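Pasting data_5.txt here (compact mmCIF, N, CA and C atoms):
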```txt
# COMPACT_ATOMS: atom_id res chain seq x y z
N MET A 1 0.82 -1.20 0.00
CA MET A 1 0.00 0.00 0.00
C MET A 1 0.87 1.26 0.00
N LYS A 2 1.96 1.24 0.80
CA LYS A 2 2.82 2.41 0.89
C LYS A 2 3.46 2.74 -0.45
N SER A 3 3.91 1.73 -1.17
CA SER A 3 4.56 1.99 -2.45
C SER A 3 3.57 2.53 -3.49
N LYS A 4 2.34 2.03 -3.44
CA LYS A 4 1.32 2.55 -4.37
C LYS A 4 0.99 4.00 -4.06
N LEU A 5 0.94 4.35 -2.78
CA LEU A 5 0.68 5.73 -2.39
C LEU A 5 1.82 6.65 -2.84
N ARG A 6 3.05 6.20 -2.69
CA ARG A 6 4.20 7.00 -3.13
C ARG A 6 4.18 7.20 -4.64
N VAL A 7 3.86 6.16 -5.37
CA VAL A 7 3.78 6.28 -6.83
C VAL A 7 2.68 7.28 -7.21
N LEU A 8 1.55 7.19 -6.54
CA LEU A 8 0.45 8.12 -6.79
C LEU A 8 0.87 9.56 -6.50
N VAL A 9 1.56 9.78 -5.39
CA VAL A 9 2.02 11.12 -5.03
C VAL A 9 2.99 11.65 -6.08
N VAL A 10 3.91 10.82 -6.52
CA VAL A 10 4.89 11.24 -7.53
C VAL A 10 4.19 11.55 -8.86
N VAL A 11 3.25 10.71 -9.26
CA VAL A 11 2.52 10.93 -10.51
C VAL A 11 1.73 12.25 -10.42
N LEU A 12 1.07 12.49 -9.30
CA LEU A 12 0.31 13.73 -9.13
C LEU A 12 1.22 14.96 -9.14
N LEU A 13 2.39 14.85 -8.52
CA LEU A 13 3.35 15.96 -8.54
C LEU A 13 3.83 16.25 -9.96
N VAL A 14 4.15 15.21 -10.70
CA VAL A 14 4.62 15.39 -12.08
C VAL A 14 3.51 16.01 -12.93
N LEU A 15 2.29 15.54 -12.77
CA LEU A 15 1.16 16.14 -13.50
C LEU A 15 0.96 17.60 -13.12
N GLY A 16 1.08 17.90 -11.84
CA GLY A 16 0.94 19.28 -11.38
C GLY A 16 1.99 20.19 -11.98
N VAL A 17 3.23 19.73 -12.02
CA VAL A 17 4.31 20.51 -12.63
C VAL A 17 4.05 20.68 -14.12
N PHE A 18 3.63 19.62 -14.78
CA PHE A 18 3.32 19.68 -16.21
C PHE A 18 2.24 20.73 -16.49
N PHE A 19 1.16 20.71 -15.72
CA PHE A 19 0.07 21.64 -15.96
C PHE A 19 0.42 23.08 -15.57
N ARG A 20 1.42 23.26 -14.70
CA ARG A 20 1.88 24.61 -14.38
C ARG A 20 2.59 25.24 -15.58
N PHE A 21 3.30 24.42 -16.35
CA PHE A 21 4.09 24.94 -17.46
C PHE A 21 3.37 24.93 -18.80
N ILE A 22 2.37 24.06 -18.96
CA ILE A 22 1.72 23.92 -20.26
C ILE A 22 0.97 25.20 -20.64
N ASN A 23 1.16 25.64 -21.85
CA ASN A 23 0.48 26.83 -22.40
C ASN A 23 0.66 28.08 -21.54
N ILE A 24 1.78 28.22 -20.91
CA ILE A 24 2.01 29.37 -20.04
C ILE A 24 1.97 30.68 -20.84
N ASP A 25 2.27 30.60 -22.11
CA ASP A 25 2.29 31.81 -22.94
C ASP A 25 0.94 32.10 -23.60
N LYS A 26 -0.01 31.20 -23.48
CA LYS A 26 -1.29 31.38 -24.16
C LYS A 26 -2.43 31.83 -23.25
N LYS A 27 -2.18 31.86 -21.98
CA LYS A 27 -3.23 32.26 -21.04
C LYS A 27 -3.38 33.79 -21.06
N TYR A 28 -4.58 34.25 -20.72
CA TYR A 28 -4.85 35.68 -20.70
C TYR A 28 -3.99 36.39 -19.67
N TYR A 29 -3.58 37.59 -20.02
CA TYR A 29 -2.79 38.42 -19.13
C TYR A 29 -3.76 39.14 -18.21
N TRP A 30 -3.78 38.80 -16.93
CA TRP A 30 -4.79 39.35 -16.05
C TRP A 30 -4.28 40.58 -15.31
N TYR A 31 -5.19 41.19 -14.59
CA TYR A 31 -4.99 42.48 -13.93
C TYR A 31 -3.71 42.55 -13.11
N ASP A 32 -3.50 41.60 -12.22
CA ASP A 32 -2.31 41.60 -11.37
C ASP A 32 -1.03 41.49 -12.18
N GLU A 33 -1.07 40.70 -13.23
CA GLU A 33 0.12 40.55 -14.07
C GLU A 33 0.43 41.84 -14.81
N ALA A 34 -0.60 42.55 -15.24
CA ALA A 34 -0.38 43.83 -15.92
C ALA A 34 0.28 44.83 -14.97
N PHE A 35 -0.18 44.87 -13.73
CA PHE A 35 0.43 45.79 -12.77
C PHE A 35 1.82 45.34 -12.34
N THR A 36 2.06 44.04 -12.32
CA THR A 36 3.43 43.56 -12.05
C THR A 36 4.35 44.01 -13.16
N SER A 37 3.90 43.90 -14.41
CA SER A 37 4.72 44.34 -15.54
C SER A 37 4.93 45.85 -15.53
N LEU A 38 4.01 46.58 -14.94
CA LEU A 38 4.15 48.03 -14.80
C LEU A 38 5.15 48.37 -13.70
N ARG A 39 5.14 47.60 -12.63
CA ARG A 39 6.02 47.86 -11.47
C ARG A 39 7.45 47.44 -11.73
N ILE A 40 7.66 46.39 -12.50
CA ILE A 40 9.01 45.87 -12.71
C ILE A 40 9.95 46.96 -13.26
N PRO A 41 9.57 47.71 -14.29
CA PRO A 41 10.48 48.76 -14.76
C PRO A 41 10.56 49.95 -13.81
N GLY A 42 9.57 50.12 -12.95
CA GLY A 42 9.59 51.22 -11.99
C GLY A 42 8.61 52.33 -12.28
N TYR A 43 7.62 52.07 -13.11
CA TYR A 43 6.60 53.08 -13.40
C TYR A 43 5.53 53.09 -12.31
N THR A 44 4.93 54.24 -12.12
CA THR A 44 3.77 54.33 -11.23
C THR A 44 2.52 54.44 -12.10
N GLN A 45 1.41 54.09 -11.53
CA GLN A 45 0.14 54.19 -12.24
C GLN A 45 -0.13 55.64 -12.61
N THR A 46 0.23 56.55 -11.73
CA THR A 46 0.03 57.98 -11.99
C THR A 46 0.82 58.43 -13.21
N GLU A 47 2.06 57.98 -13.35
CA GLU A 47 2.87 58.33 -14.51
C GLU A 47 2.21 57.86 -15.80
N VAL A 48 1.74 56.63 -15.79
CA VAL A 48 1.14 56.06 -16.99
C VAL A 48 -0.16 56.78 -17.34
N LEU A 49 -1.00 57.03 -16.35
CA LEU A 49 -2.26 57.74 -16.61
C LEU A 49 -2.01 59.15 -17.12
N HIS A 50 -1.02 59.81 -16.58
CA HIS A 50 -0.67 61.16 -17.05
C HIS A 50 -0.21 61.12 -18.51
N GLU A 51 0.53 60.08 -18.85
CA GLU A 51 1.08 59.95 -20.19
C GLU A 51 0.00 59.64 -21.23
N ILE A 52 -1.02 58.88 -20.85
CA ILE A 52 -2.02 58.45 -21.84
C ILE A 52 -3.33 59.22 -21.74
N SER A 53 -3.41 60.20 -20.88
CA SER A 53 -4.68 60.92 -20.70
C SER A 53 -4.82 62.12 -21.61
N SER A 54 -4.38 62.01 -22.83
CA SER A 54 -4.46 63.11 -23.78
C SER A 54 -5.85 63.27 -24.37
N GLY A 55 -6.71 62.30 -24.14
CA GLY A 55 -8.06 62.36 -24.68
C GLY A 55 -8.15 61.71 -26.05
N GLN A 56 -7.04 61.25 -26.59
CA GLN A 56 -7.03 60.59 -27.89
C GLN A 56 -6.91 59.09 -27.68
N LEU A 57 -7.20 58.35 -28.75
CA LEU A 57 -7.04 56.91 -28.69
C LEU A 57 -5.58 56.56 -28.47
N VAL A 58 -5.37 55.56 -27.64
CA VAL A 58 -4.02 55.13 -27.33
C VAL A 58 -3.82 53.74 -27.91
N ALA A 59 -2.77 53.58 -28.68
CA ALA A 59 -2.48 52.29 -29.27
C ALA A 59 -1.94 51.32 -28.21
N ALA A 60 -2.14 50.05 -28.47
CA ALA A 60 -1.67 49.03 -27.52
C ALA A 60 -0.16 49.12 -27.34
N GLN A 61 0.56 49.42 -28.41
CA GLN A 61 2.02 49.55 -28.32
C GLN A 61 2.43 50.67 -27.37
N ASP A 62 1.65 51.76 -27.35
CA ASP A 62 1.96 52.87 -26.45
C ASP A 62 1.74 52.47 -24.99
N LEU A 63 0.72 51.68 -24.75
CA LEU A 63 0.48 51.18 -23.39
C LEU A 63 1.54 50.18 -22.97
N MET A 64 1.94 49.33 -23.89
CA MET A 64 2.88 48.26 -23.56
C MET A 64 4.30 48.77 -23.34
N LYS A 65 4.64 49.96 -23.83
CA LYS A 65 6.00 50.45 -23.63
C LYS A 65 6.28 50.70 -22.14
N ASN A 66 5.23 50.92 -21.37
CA ASN A 66 5.39 51.10 -19.92
C ASN A 66 5.54 49.78 -19.18
N GLN A 67 5.39 48.68 -19.89
CA GLN A 67 5.53 47.37 -19.28
C GLN A 67 6.81 46.68 -19.77
N ARG A 68 7.68 47.43 -20.36
CA ARG A 68 8.96 46.92 -20.85
C ARG A 68 10.09 47.60 -20.08
N PRO A 69 11.23 46.94 -19.95
CA PRO A 69 12.36 47.58 -19.27
C PRO A 69 12.75 48.90 -19.93
N ASN A 70 13.13 49.84 -19.11
CA ASN A 70 13.50 51.16 -19.57
C ASN A 70 14.91 51.46 -19.06
N ALA A 71 15.78 51.93 -19.94
CA ALA A 71 17.18 52.18 -19.56
C ALA A 71 17.30 53.30 -18.54
N THR A 72 16.31 54.19 -18.48
CA THR A 72 16.39 55.30 -17.53
C THR A 72 15.85 54.94 -16.15
N LYS A 73 15.20 53.80 -16.04
CA LYS A 73 14.65 53.36 -14.75
C LYS A 73 15.54 52.27 -14.18
N ASN A 74 15.77 52.30 -12.88
CA ASN A 74 16.63 51.30 -12.25
C ASN A 74 15.92 50.65 -11.07
N PHE A 75 16.68 49.92 -10.24
CA PHE A 75 16.11 49.21 -9.10
C PHE A 75 15.47 50.17 -8.09
N VAL A 76 16.06 51.33 -7.93
CA VAL A 76 15.53 52.33 -6.99
C VAL A 76 14.15 52.80 -7.46
N ASP A 77 13.98 52.97 -8.76
CA ASP A 77 12.68 53.38 -9.28
C ASP A 77 11.62 52.32 -9.03
N THR A 78 12.01 51.07 -9.12
CA THR A 78 11.07 49.98 -8.84
C THR A 78 10.61 50.04 -7.39
N VAL A 79 11.55 50.22 -6.47
CA VAL A 79 11.20 50.30 -5.04
C VAL A 79 10.38 51.55 -4.76
N LYS A 80 10.74 52.68 -5.37
CA LYS A 80 9.99 53.93 -5.17
C LYS A 80 8.55 53.80 -5.66
N SER A 81 8.35 53.17 -6.83
CA SER A 81 6.99 53.04 -7.35
C SER A 81 6.13 52.20 -6.41
N LEU A 82 6.75 51.17 -5.82
CA LEU A 82 6.01 50.35 -4.86
C LEU A 82 5.73 51.13 -3.58
N ALA A 83 6.71 51.86 -3.11
CA ALA A 83 6.54 52.62 -1.86
C ALA A 83 5.46 53.68 -2.00
N ILE A 84 5.35 54.27 -3.17
CA ILE A 84 4.38 55.35 -3.39
C ILE A 84 2.96 54.80 -3.51
N GLU A 85 2.78 53.76 -4.33
CA GLU A 85 1.42 53.33 -4.65
C GLU A 85 1.01 51.97 -4.07
N GLU A 86 1.96 51.11 -3.78
CA GLU A 86 1.63 49.77 -3.29
C GLU A 86 2.57 49.36 -2.17
N PRO A 87 2.57 50.08 -1.04
CA PRO A 87 3.55 49.78 0.02
C PRO A 87 3.35 48.41 0.68
N GLN A 88 2.21 47.77 0.48
CA GLN A 88 1.97 46.47 1.08
C GLN A 88 2.63 45.33 0.29
N LEU A 89 3.12 45.62 -0.91
CA LEU A 89 3.72 44.58 -1.74
C LEU A 89 5.21 44.43 -1.42
N PRO A 90 5.73 43.20 -1.52
CA PRO A 90 7.14 42.95 -1.17
C PRO A 90 8.08 43.40 -2.29
N PRO A 91 8.97 44.35 -2.02
CA PRO A 91 9.88 44.82 -3.07
C PRO A 91 10.85 43.76 -3.55
N LEU A 92 11.23 42.83 -2.70
CA LEU A 92 12.18 41.80 -3.11
C LEU A 92 11.64 40.97 -4.28
N TYR A 93 10.35 40.68 -4.26
CA TYR A 93 9.75 39.92 -5.37
C TYR A 93 9.91 40.69 -6.67
N PHE A 94 9.58 41.97 -6.67
CA PHE A 94 9.63 42.76 -7.89
C PHE A 94 11.07 42.98 -8.37
N LEU A 95 11.98 43.14 -7.44
CA LEU A 95 13.39 43.29 -7.83
C LEU A 95 13.93 41.99 -8.43
N THR A 96 13.50 40.86 -7.87
CA THR A 96 13.93 39.57 -8.40
C THR A 96 13.33 39.33 -9.78
N VAL A 97 12.07 39.68 -9.96
CA VAL A 97 11.43 39.53 -11.28
C VAL A 97 12.10 40.47 -12.29
N LYS A 98 12.53 41.64 -11.83
CA LYS A 98 13.23 42.57 -12.72
C LYS A 98 14.53 41.94 -13.23
N CYS A 99 15.27 41.29 -12.34
CA CYS A 99 16.50 40.59 -12.74
C CYS A 99 16.17 39.43 -13.68
N TRP A 100 15.11 38.69 -13.37
CA TRP A 100 14.67 37.57 -14.21
C TRP A 100 14.33 38.07 -15.61
N ALA A 101 13.62 39.21 -15.68
CA ALA A 101 13.23 39.76 -16.98
C ALA A 101 14.46 40.21 -17.78
N LYS A 102 15.48 40.69 -17.10
CA LYS A 102 16.71 41.07 -17.82
C LYS A 102 17.39 39.84 -18.41
N LEU A 103 17.31 38.72 -17.70
CA LEU A 103 17.96 37.50 -18.17
C LEU A 103 17.15 36.76 -19.24
N PHE A 104 15.82 36.66 -19.03
CA PHE A 104 15.00 35.80 -19.88
C PHE A 104 13.99 36.55 -20.75
N GLY A 105 13.95 37.86 -20.66
CA GLY A 105 13.01 38.64 -21.46
C GLY A 105 11.80 39.06 -20.66
N ASP A 106 11.02 39.94 -21.25
CA ASP A 106 9.89 40.51 -20.53
C ASP A 106 8.54 40.08 -21.11
N SER A 107 8.54 38.99 -21.85
CA SER A 107 7.27 38.49 -22.39
C SER A 107 6.43 37.94 -21.24
N PRO A 108 5.12 37.84 -21.44
CA PRO A 108 4.28 37.26 -20.40
C PRO A 108 4.74 35.86 -19.97
N ALA A 109 5.16 35.04 -20.92
CA ALA A 109 5.62 33.69 -20.57
C ALA A 109 6.87 33.75 -19.71
N ALA A 110 7.80 34.62 -20.04
CA ALA A 110 9.03 34.73 -19.26
C ALA A 110 8.74 35.24 -17.85
N THR A 111 7.88 36.24 -17.75
CA THR A 111 7.55 36.79 -16.44
C THR A 111 6.81 35.76 -15.59
N ARG A 112 5.88 35.06 -16.20
CA ARG A 112 5.13 34.03 -15.47
C ARG A 112 6.02 32.87 -15.04
N SER A 113 7.01 32.56 -15.86
CA SER A 113 7.85 31.41 -15.55
C SER A 113 8.61 31.60 -14.24
N PHE A 114 8.91 32.83 -13.88
CA PHE A 114 9.56 33.08 -12.58
C PHE A 114 8.67 32.58 -11.44
N SER A 115 7.43 32.97 -11.46
CA SER A 115 6.50 32.56 -10.40
C SER A 115 6.28 31.05 -10.40
N VAL A 116 6.27 30.45 -11.57
CA VAL A 116 6.09 29.00 -11.65
C VAL A 116 7.28 28.30 -11.01
N TRP A 117 8.49 28.73 -11.34
CA TRP A 117 9.68 28.09 -10.75
C TRP A 117 9.72 28.29 -9.25
N ILE A 118 9.38 29.48 -8.79
CA ILE A 118 9.38 29.74 -7.34
C ILE A 118 8.32 28.88 -6.66
N SER A 119 7.17 28.72 -7.30
CA SER A 119 6.10 27.91 -6.68
C SER A 119 6.52 26.46 -6.53
N LEU A 120 7.39 26.00 -7.41
CA LEU A 120 7.86 24.61 -7.30
C LEU A 120 8.72 24.39 -6.06
N LEU A 121 9.26 25.45 -5.51
CA LEU A 121 10.03 25.33 -4.27
C LEU A 121 9.15 24.97 -3.07
N ALA A 122 7.85 25.12 -3.23
CA ALA A 122 6.93 24.79 -2.14
C ALA A 122 7.00 23.29 -1.80
N PHE A 123 7.20 22.45 -2.79
CA PHE A 123 7.21 21.01 -2.55
C PHE A 123 8.39 20.57 -1.68
N PRO A 124 9.62 20.90 -2.05
CA PRO A 124 10.71 20.50 -1.15
C PRO A 124 10.66 21.23 0.19
N SER A 125 10.15 22.44 0.20
CA SER A 125 10.04 23.18 1.46
C SER A 125 9.04 22.52 2.40
N LEU A 126 7.92 22.09 1.86
CA LEU A 126 6.92 21.41 2.67
C LEU A 126 7.45 20.07 3.18
N TYR A 127 8.16 19.35 2.33
CA TYR A 127 8.75 18.08 2.74
C TYR A 127 9.75 18.32 3.88
N TRP A 128 10.62 19.31 3.72
CA TRP A 128 11.61 19.63 4.75
C TRP A 128 10.94 20.03 6.06
N LEU A 129 9.89 20.85 5.98
CA LEU A 129 9.17 21.27 7.18
C LEU A 129 8.57 20.06 7.91
N CYS A 130 7.96 19.17 7.17
CA CYS A 130 7.38 17.97 7.79
C CYS A 130 8.46 17.09 8.40
N ARG A 131 9.61 17.01 7.76
CA ARG A 131 10.71 16.22 8.34
C ARG A 131 11.21 16.85 9.63
N GLU A 132 11.21 18.18 9.70
CA GLU A 132 11.65 18.88 10.90
C GLU A 132 10.63 18.74 12.04
N LEU A 133 9.36 18.77 11.71
CA LEU A 133 8.32 18.75 12.73
C LEU A 133 8.00 17.35 13.24
N PHE A 134 8.09 16.37 12.35
CA PHE A 134 7.68 15.01 12.70
C PHE A 134 8.81 14.04 12.40
N ALA A 135 9.06 13.12 13.33
CA ALA A 135 10.16 12.19 13.19
C ALA A 135 9.99 11.19 12.03
N PRO A 136 8.83 10.54 11.90
CA PRO A 136 8.72 9.52 10.86
C PRO A 136 8.73 10.15 9.45
N PRO A 137 9.54 9.63 8.53
CA PRO A 137 9.57 10.18 7.18
C PRO A 137 8.26 9.99 6.41
N GLU A 138 7.43 9.05 6.86
CA GLU A 138 6.15 8.84 6.19
C GLU A 138 5.25 10.07 6.28
N VAL A 139 5.38 10.80 7.38
CA VAL A 139 4.58 12.02 7.56
C VAL A 139 4.94 13.04 6.50
N ALA A 140 6.23 13.17 6.21
CA ALA A 140 6.67 14.12 5.20
C ALA A 140 6.13 13.75 3.81
N TRP A 141 6.03 12.46 3.52
CA TRP A 141 5.51 12.03 2.23
C TRP A 141 4.02 12.34 2.10
N SER A 142 3.30 12.28 3.19
CA SER A 142 1.85 12.52 3.11
C SER A 142 1.50 13.97 3.43
N GLY A 143 2.48 14.79 3.81
CA GLY A 143 2.26 16.18 4.22
C GLY A 143 1.80 17.02 3.13
```
Would you write out, as structure tokens, the structure that this file holds?
Amino acid sequence: MKSKLRVLVVVLLVLGVFFRFINIDKKYYWYDEAFTSLRIPGYTQTEVLHEISSGQLVAAQDLMKNQRPNATKNFVDTVKSLAIEEPQLPPLYFLTVKCWAKLFGDSPAATRSFSVWISLLAFPSLYWLCRELFAPPEVAWSG
């Protein structure tokens, strides 16, 4: 019974990882992701609204330029934008995503892939926590 349960757990974990990565570039870009892409370069919502509030139609390319890295904005600008408009958000996450975007690009798939990889750390972390809290290793497998 124990070996069948372990096989089932491993199969479910592999399926979960597979479904986390499948079609990562084809899913809709939702509200939080759009604001994350705005925060990564260091823009504030006020800056963007001021820039596009001319009363004329704004092309998608004009909106998207604020979600791309900018050579004039640095790590300090990212922290400042968070401190001004979203002080409850963790700056370390956005700074790390900024570094990730410099390495792997700023496409939605690249930005999402950071969160997917970080989320995979939950599995070994949970296993380690269960091993620390409970002596029998079986508890960690079922945790």
Problem - Residue neighbourhood region 108-113 of chain A, 5 Å, only N, CA and C atoms, exclusion window fewer than 2 positions, as a PyMOL selection string - result: chain A and resi 24-25+106+115-117
Problem - Gap from CA of Pro91 (chain A) to CA of Leu38 (chain A) - Å, one decimal - result: 13.4 Å
Practice task
Give the alpha helix (DSSP H) residues of region 23-105 of chain A, as DSSP finds them on the backbone, and put them as a VMD selection string.
Solution key: chain A and resid 31 to 39 45 to 52 60 to 64 75 to 85 91 to 104
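The shortest atom-to-atom distance to Phe94 (chain A), with only C-alpha atoms taken into account, belongs to A:Leu82 out of A:Ala60, A:Leu126, A:Leu82, A:Val14.
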Handout entry: Nearest to Gln67 (chain A) by atom-to-atom distance, counting only C-alpha atoms, from A:Phe35, A:Tyr93, A:Phe18, A:Trp128
Key = A:Phe35
Problem - Exercise: Thr46 (chain A) partners within 8 Å, only N, CA and C atoms, chain neighbours under 5 positions left out, as a list in words - result: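 My list of contacting residues is Glu51, Ile52 and Glu85 of chain A.
Restricting the calculation to only C-alpha atoms, the smallest distance between Val76 (chain A) and any of A:Val17, A:Leu95, A:Val10, A:Ala135 is found for A:Leu95.
Atom C of Gln45 (chain A) is positioned 17.7 Å from atom N of Pro90 (chain A).
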Problem - For CA of Val97 (chain A) and CA of Phe114 (chain A), the interatomic separation in Å (one decimal) - result: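 Distance reported for this atom pair: 6.8 Å.
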Completion exercise
Of A:Pro41, A:Ser119, A:Ile22, A:Val48, the one sitting nearest Arg68 (chain A) when using all atoms listed in the file is A:Pro41
